[in-house]
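> Contents of target-v6.cif (mmCIF, C-alpha atoms) are given next:
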data_final
#
loop_
_atom_site.group_PDB
_atom_site.id
_atom_site.type_symbol
_atom_site.label_atom_id
_atom_site.label_comp_id
_atom_site.auth_asym_id
_atom_site.auth_seq_id
_atom_site.Cartn_x
_atom_site.Cartn_y
_atom_site.Cartn_z
ATOM 1 C CA MET A 1 -62.202 -55.595 67.210
ATOM 2 C CA GLU A 2 -59.208 -53.485 68.113
ATOM 3 C CA LYS A 3 -55.825 -54.401 66.738
ATOM 4 C CA LYS A 4 -53.304 -55.611 69.315
ATOM 5 C CA VAL A 5 -50.270 -53.322 69.613
ATOM 6 C CA THR A 6 -46.777 -54.496 70.543
ATOM 7 C CA SER A 7 -45.814 -53.212 73.985
ATOM 8 C CA ALA A 8 -42.760 -51.086 74.693
ATOM 9 C CA PRO A 9 -41.237 -53.629 77.123
ATOM 10 C CA LEU A 10 -41.519 -56.374 74.494
ATOM 11 C CA MET A 11 -39.834 -54.170 71.892
ATOM 12 C CA GLY A 12 -37.155 -53.316 74.458
ATOM 13 C CA LEU A 13 -36.613 -57.027 75.099
ATOM 14 C CA LEU A 14 -36.247 -57.720 71.378
ATOM 15 C CA ILE A 15 -33.730 -54.890 70.973
ATOM 16 C CA ALA A 16 -31.764 -56.100 73.998
ATOM 17 C CA LEU A 17 -31.697 -59.635 72.581
ATOM 18 C CA VAL A 18 -30.320 -58.339 69.286
ATOM 19 C CA LEU A 19 -27.618 -56.395 71.147
ATOM 20 C CA ILE A 20 -26.798 -59.396 73.339
ATOM 21 C CA VAL A 21 -26.420 -61.669 70.314
ATOM 22 C CA TYR A 22 -24.194 -59.037 68.684
ATOM 23 C CA SER A 23 -22.133 -58.801 71.878
ATOM 24 C CA LEU A 24 -21.708 -62.575 72.056
ATOM 25 C CA ILE A 25 -20.659 -62.733 68.401
ATOM 26 C CA MET A 26 -18.050 -60.043 69.058
ATOM 27 C CA TYR A 27 -16.817 -61.910 72.149
ATOM 28 C CA PHE A 28 -16.491 -65.301 70.483
ATOM 29 C CA THR A 29 -14.790 -63.808 67.414
ATOM 30 C CA ASP A 30 -12.454 -61.889 69.774
ATOM 31 C CA LEU A 31 -13.419 -58.530 68.275
ATOM 32 C CA TYR A 32 -14.911 -56.952 71.416
ATOM 33 C CA THR A 33 -11.826 -54.809 72.072
ATOM 34 C CA GLU A 34 -11.836 -53.275 68.603
ATOM 35 C CA PRO A 35 -12.727 -49.540 68.632
ATOM 36 C CA TRP A 36 -15.216 -49.840 65.766
ATOM 37 C CA ASN A 37 -17.172 -52.457 67.700
ATOM 38 C CA GLN A 38 -18.653 -49.849 70.055
ATOM 39 C CA TRP A 39 -19.819 -47.713 67.139
ATOM 40 C CA VAL A 40 -21.567 -50.629 65.451
ATOM 41 C CA GLY A 41 -23.378 -51.430 68.701
ATOM 42 C CA LEU A 42 -24.526 -47.816 69.027
ATOM 43 C CA ILE A 43 -25.698 -47.730 65.410
ATOM 44 C CA LEU A 44 -27.656 -50.953 66.005
ATOM 45 C CA LEU A 45 -29.278 -49.393 69.065
ATOM 46 C CA VAL A 46 -30.230 -46.179 67.238
ATOM 47 C CA GLY A 47 -31.603 -48.064 64.246
ATOM 48 C CA ALA A 48 -33.577 -50.476 66.399
ATOM 49 C CA ILE A 49 -35.201 -47.715 68.465
ATOM 50 C CA ILE A 50 -36.109 -45.695 65.372
ATOM 51 C CA PHE A 51 -37.548 -48.876 63.827
ATOM 52 C CA ALA A 52 -39.555 -49.568 67.011
ATOM 53 C CA VAL A 53 -41.036 -46.048 66.986
ATOM 54 C CA LEU A 54 -41.920 -46.253 63.283
ATOM 55 C CA PHE A 55 -43.392 -49.738 63.752
ATOM 56 C CA HIS A 56 -45.501 -48.482 66.659
ATOM 57 C CA ALA A 57 -46.832 -45.628 64.522
ATOM 58 C CA LYS A 58 -47.741 -48.101 61.805
ATOM 59 C CA GLU A 59 -49.477 -50.414 64.293
ATOM 60 C CA LYS A 60 -51.538 -47.448 65.500
ATOM 61 C CA GLU A 61 -52.360 -46.665 61.852
ATOM 62 C CA HIS A 62 -50.506 -43.372 62.296
ATOM 63 C CA TYR A 63 -53.140 -41.999 64.719
ATOM 64 C CA VAL A 64 -50.379 -40.820 67.033
ATOM 65 C CA THR A 65 -48.743 -37.620 68.143
ATOM 66 C CA PHE A 66 -45.089 -36.716 68.404
ATOM 67 C CA GLY A 67 -45.346 -37.024 72.200
ATOM 68 C CA ASN A 68 -46.934 -40.485 72.025
ATOM 69 C CA LEU A 69 -44.183 -41.743 69.764
ATOM 70 C CA PHE A 70 -41.397 -40.174 71.795
ATOM 71 C CA ALA A 71 -42.800 -41.663 75.000
ATOM 72 C CA PHE A 72 -43.032 -45.090 73.370
ATOM 73 C CA GLY A 73 -39.435 -44.822 72.135
ATOM 74 C CA PHE A 74 -38.208 -43.809 75.559
ATOM 75 C CA LYS A 75 -40.064 -46.712 77.208
ATOM 76 C CA VAL A 76 -38.438 -49.070 74.699
ATOM 77 C CA THR A 77 -35.056 -47.524 75.530
ATOM 78 C CA ALA A 78 -35.625 -47.889 79.274
ATOM 79 C CA ALA A 79 -36.648 -51.537 78.936
ATOM 80 C CA SER A 80 -33.699 -52.453 76.712
ATOM 81 C CA THR A 81 -31.290 -50.548 78.989
ATOM 82 C CA CYS A 82 -32.468 -52.453 82.067
ATOM 83 C CA ILE A 83 -32.026 -55.771 80.295
ATOM 84 C CA MET A 84 -28.594 -54.763 78.972
ATOM 85 C CA ILE A 85 -27.461 -53.826 82.490
ATOM 86 C CA LEU A 86 -28.570 -57.253 83.759
ATOM 87 C CA TYR A 87 -26.711 -58.888 80.880
ATOM 88 C CA LEU A 88 -23.631 -56.791 81.637
ATOM 89 C CA LEU A 89 -23.623 -57.991 85.252
ATOM 90 C CA LEU A 90 -24.010 -61.611 84.136
ATOM 91 C CA GLN A 91 -21.359 -61.188 81.450
ATOM 92 C CA ASP A 92 -18.890 -60.022 84.082
ATOM 93 C CA MET A 93 -19.386 -63.295 85.967
ATOM 94 C CA ILE A 94 -19.546 -65.598 82.938
ATOM 95 C CA PHE A 95 -16.625 -64.065 80.985
ATOM 96 C CA PRO A 96 -14.150 -62.670 83.565
ATOM 97 C CA ASP A 97 -11.438 -62.482 80.891
ATOM 98 C CA ILE A 98 -13.218 -59.497 79.344
ATOM 99 C CA LYS A 99 -12.288 -57.369 82.356
ATOM 100 C CA THR A 100 -8.662 -58.490 82.168
ATOM 101 C CA ASN A 101 -8.426 -57.756 78.448
ATOM 102 C CA ILE A 102 -10.050 -54.333 78.838
ATOM 103 C CA LEU A 103 -7.606 -53.457 81.623
ATOM 104 C CA GLU A 104 -4.660 -54.532 79.444
ATOM 105 C CA MET A 105 -5.999 -52.518 76.522
ATOM 106 C CA SER A 106 -6.450 -49.476 78.780
ATOM 107 C CA ARG A 107 -2.893 -49.841 80.072
ATOM 108 C CA ALA A 108 -1.539 -49.922 76.516
ATOM 109 C CA GLN A 109 -3.543 -46.847 75.518
ATOM 110 C CA MET A 110 -2.463 -44.890 78.604
ATOM 111 C CA ALA A 111 1.181 -45.826 78.076
ATOM 112 C CA LYS A 112 1.075 -44.258 74.591
ATOM 113 C CA ARG A 113 0.210 -40.831 76.015
ATOM 114 C CA PRO A 114 3.182 -38.508 76.389
ATOM 115 C CA GLY A 115 3.953 -37.296 79.885
ATOM 116 C CA VAL A 116 2.058 -40.078 81.662
ATOM 117 C CA SER A 117 4.216 -41.942 84.165
ATOM 118 C CA GLU A 118 3.947 -45.619 85.001
ATOM 119 C CA ALA A 119 2.787 -44.662 88.515
ATOM 120 C CA ASP A 120 -0.059 -42.576 87.064
ATOM 121 C CA VAL A 121 -1.103 -45.463 84.836
ATOM 122 C CA ASN A 122 -1.042 -47.896 87.772
ATOM 123 C CA ARG A 123 -3.084 -45.549 89.984
ATOM 124 C CA SER A 124 -5.684 -44.956 87.295
ATOM 125 C CA LEU A 125 -6.026 -48.637 86.502
ATOM 126 C CA GLU A 126 -6.271 -49.526 90.171
ATOM 127 C CA ILE A 127 -9.218 -47.150 90.573
ATOM 128 C CA PHE A 128 -10.769 -48.424 87.345
ATOM 129 C CA GLU A 129 -10.360 -52.060 88.406
ATOM 130 C CA LYS A 130 -11.927 -51.467 91.834
ATOM 131 C CA ASN A 131 -14.913 -49.700 90.289
ATOM 132 C CA TYR A 132 -15.061 -51.642 87.010
ATOM 133 C CA THR A 133 -18.671 -52.829 87.330
ATOM 134 C CA LEU A 134 -19.902 -49.442 88.536
ATOM 135 C CA PHE A 135 -18.206 -47.647 85.627
ATOM 136 C CA LEU A 136 -19.644 -50.101 83.090
ATOM 137 C CA VAL A 137 -23.171 -49.916 84.506
ATOM 138 C CA LEU A 138 -23.092 -46.108 84.619
ATOM 139 C CA GLY A 139 -21.640 -46.007 81.103
ATOM 140 C CA VAL A 140 -24.362 -48.262 79.688
ATOM 141 C CA LEU A 141 -27.049 -46.376 81.590
ATOM 142 C CA PHE A 142 -25.869 -42.942 80.448
ATOM 143 C CA TRP A 143 -25.074 -43.763 76.821
ATOM 144 C CA ASN A 144 -28.092 -45.984 76.168
ATOM 145 C CA LEU A 145 -30.490 -43.429 77.645
ATOM 146 C CA LEU A 146 -28.846 -40.536 75.790
ATOM 147 C CA ILE A 147 -28.853 -42.415 72.507
ATOM 148 C CA GLY A 148 -32.383 -43.625 73.180
ATOM 149 C CA VAL A 149 -33.636 -40.076 73.668
ATOM 150 C CA VAL A 150 -32.034 -38.962 70.402
ATOM 151 C CA ALA A 151 -33.304 -42.011 68.495
ATOM 152 C CA SER A 152 -36.797 -41.575 69.960
ATOM 153 C CA LEU A 153 -36.809 -37.927 68.889
ATOM 154 C CA ILE A 154 -35.714 -38.869 65.376
ATOM 155 C CA GLY A 155 -38.251 -41.683 65.115
ATOM 156 C CA ALA A 156 -41.081 -39.500 66.426
ATOM 157 C CA ALA A 157 -40.123 -36.699 64.040
ATOM 158 C CA VAL A 158 -39.974 -38.813 60.875
ATOM 159 C CA ALA A 159 -42.986 -41.026 61.559
ATOM 160 C CA LYS A 160 -46.091 -40.332 59.548
ATOM 161 C CA LYS A 161 -48.817 -38.887 61.777
ATOM 162 C CA ARG A 162 -52.506 -38.386 61.088
ATOM 163 C CA PRO A 163 -54.478 -35.846 63.064
ATOM 164 C CA VAL A 164 -56.253 -37.578 65.887
ATOM 165 C CA ASP A 165 -59.899 -36.839 65.177
ATOM 166 C CA GLU A 166 -62.573 -38.916 66.853
ATOM 167 C CA PHE A 167 -64.828 -38.753 63.778
ATOM 168 C CA ASP A 168 -62.092 -40.271 61.586
ATOM 169 C CA LYS A 169 -61.944 -43.375 63.773
ATOM 170 C CA ILE A 170 -65.634 -44.226 63.427
#
Would it be possible to restate this file's structure as structure tokens?

Amino acid sequence: MEKKVTSAPLMGLLIALVLIVYSLIMYFTDLYTEPWNQWVGLILLVGAIIFAVLFHAKEKEHYVTFGNLFAFGFKVTAASTCIMILYLLLQDMIFPDIKTNILEMSRAQMAKRPGVSEADVNRSLEIFEKNYTLFLVLGVLFWNLLIGVVASLIGAAVAKKRPVDEFDKI
């Protein structure tokens, strides 16, 4: 009887749930605007994808290739990214104060820059506010996929691999 292997979409769902719980904890503790918060989320994502790739190799008893593991890691990344984008869209409706706080934080950061006029700040924030959801979705899509590719490469490189030989499996 062949051992059942965890699917990439299921692993992606689990990773997304971990990131969603982390995001909610940061929101309810009012730490979501802290700069370090983004880094912790990215580290969680990298670690989770590497873990998923290594776990997949173990489930396959290490009869895998670099390409198999990379493909699995990228599928996990794609699944978790899709779920995170859906969560992001829901979060925007459920917690509209996040947008307001991010805009205020952006205004404060822009005002600190030398040579930036109030009119420039207002114009930039107006564009950002109009396209807020688009910018967030594109940001999550780009960064999650980029980080997922890197994490998948790392996981596939460090995973133990046995040569796939049909006679070994018998």
> Enumerate, as number ranges by chain, the residues matched when the PyMOL selection byres ((chain A and resi 11) around 9) is run on the file above.
A: 6-10, 12-16, 49, 52, 76-77, 79-80
> Written as a PyMOL selection string, which residues does the PyMOL selection byres ((chain A and resi 19-33) around 8) give for the file shown?
chain A and resi 15-18+34-35+37+41+44-45+84+87+101-102+105
> For the selection just defined, write its residues with C-alpha atoms to a file, as a compact mmCIF listing (two decimals), in the coordinates of the input.

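What follows is the written file out34.txt:
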# COMPACT_ATOMS: atom_id res chain seq x y z
CA ILE A 15 -33.73 -54.89 70.97
CA ALA A 16 -31.76 -56.10 74.00
CA LEU A 17 -31.70 -59.64 72.58
CA VAL A 18 -30.32 -58.34 69.29
CA GLU A 34 -11.84 -53.28 68.60
CA PRO A 35 -12.73 -49.54 68.63
CA ASN A 37 -17.17 -52.46 67.70
CA GLY A 41 -23.38 -51.43 68.70
CA LEU A 44 -27.66 -50.95 66.00
CA LEU A 45 -29.28 -49.39 69.06
CA MET A 84 -28.59 -54.76 78.97
CA TYR A 87 -26.71 -58.89 80.88
CA ASN A 101 -8.43 -57.76 78.45
CA ILE A 102 -10.05 -54.33 78.84
CA MET A 105 -6.00 -52.52 76.52
> Please compute the CA of Tyr132 in chain A-CA of Ser106 in chain A distance, one decimal, in Å.
12.1 Å
> Extending 8 Å beyond the listed atoms of range 150-158 of chain A on each side, what axis-aligned box results? I want centre and edge lengths in Å to one decimal, as lines of an AutoDock Vina configuration file.

center_x = -36.6
center_y = -39.4
center_z = 65.6
size_x = 25.0
size_y = 21.3
size_z = 25.5
> Between A:His62, A:Lys3, A:Lys75, A:Arg123, which residue has the minimum interatomic distance to Ala151 in chain A, considering all atoms listed in the file?
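Using all atoms listed in the file, Ala151 in chain A sits closest to A:Lys75.
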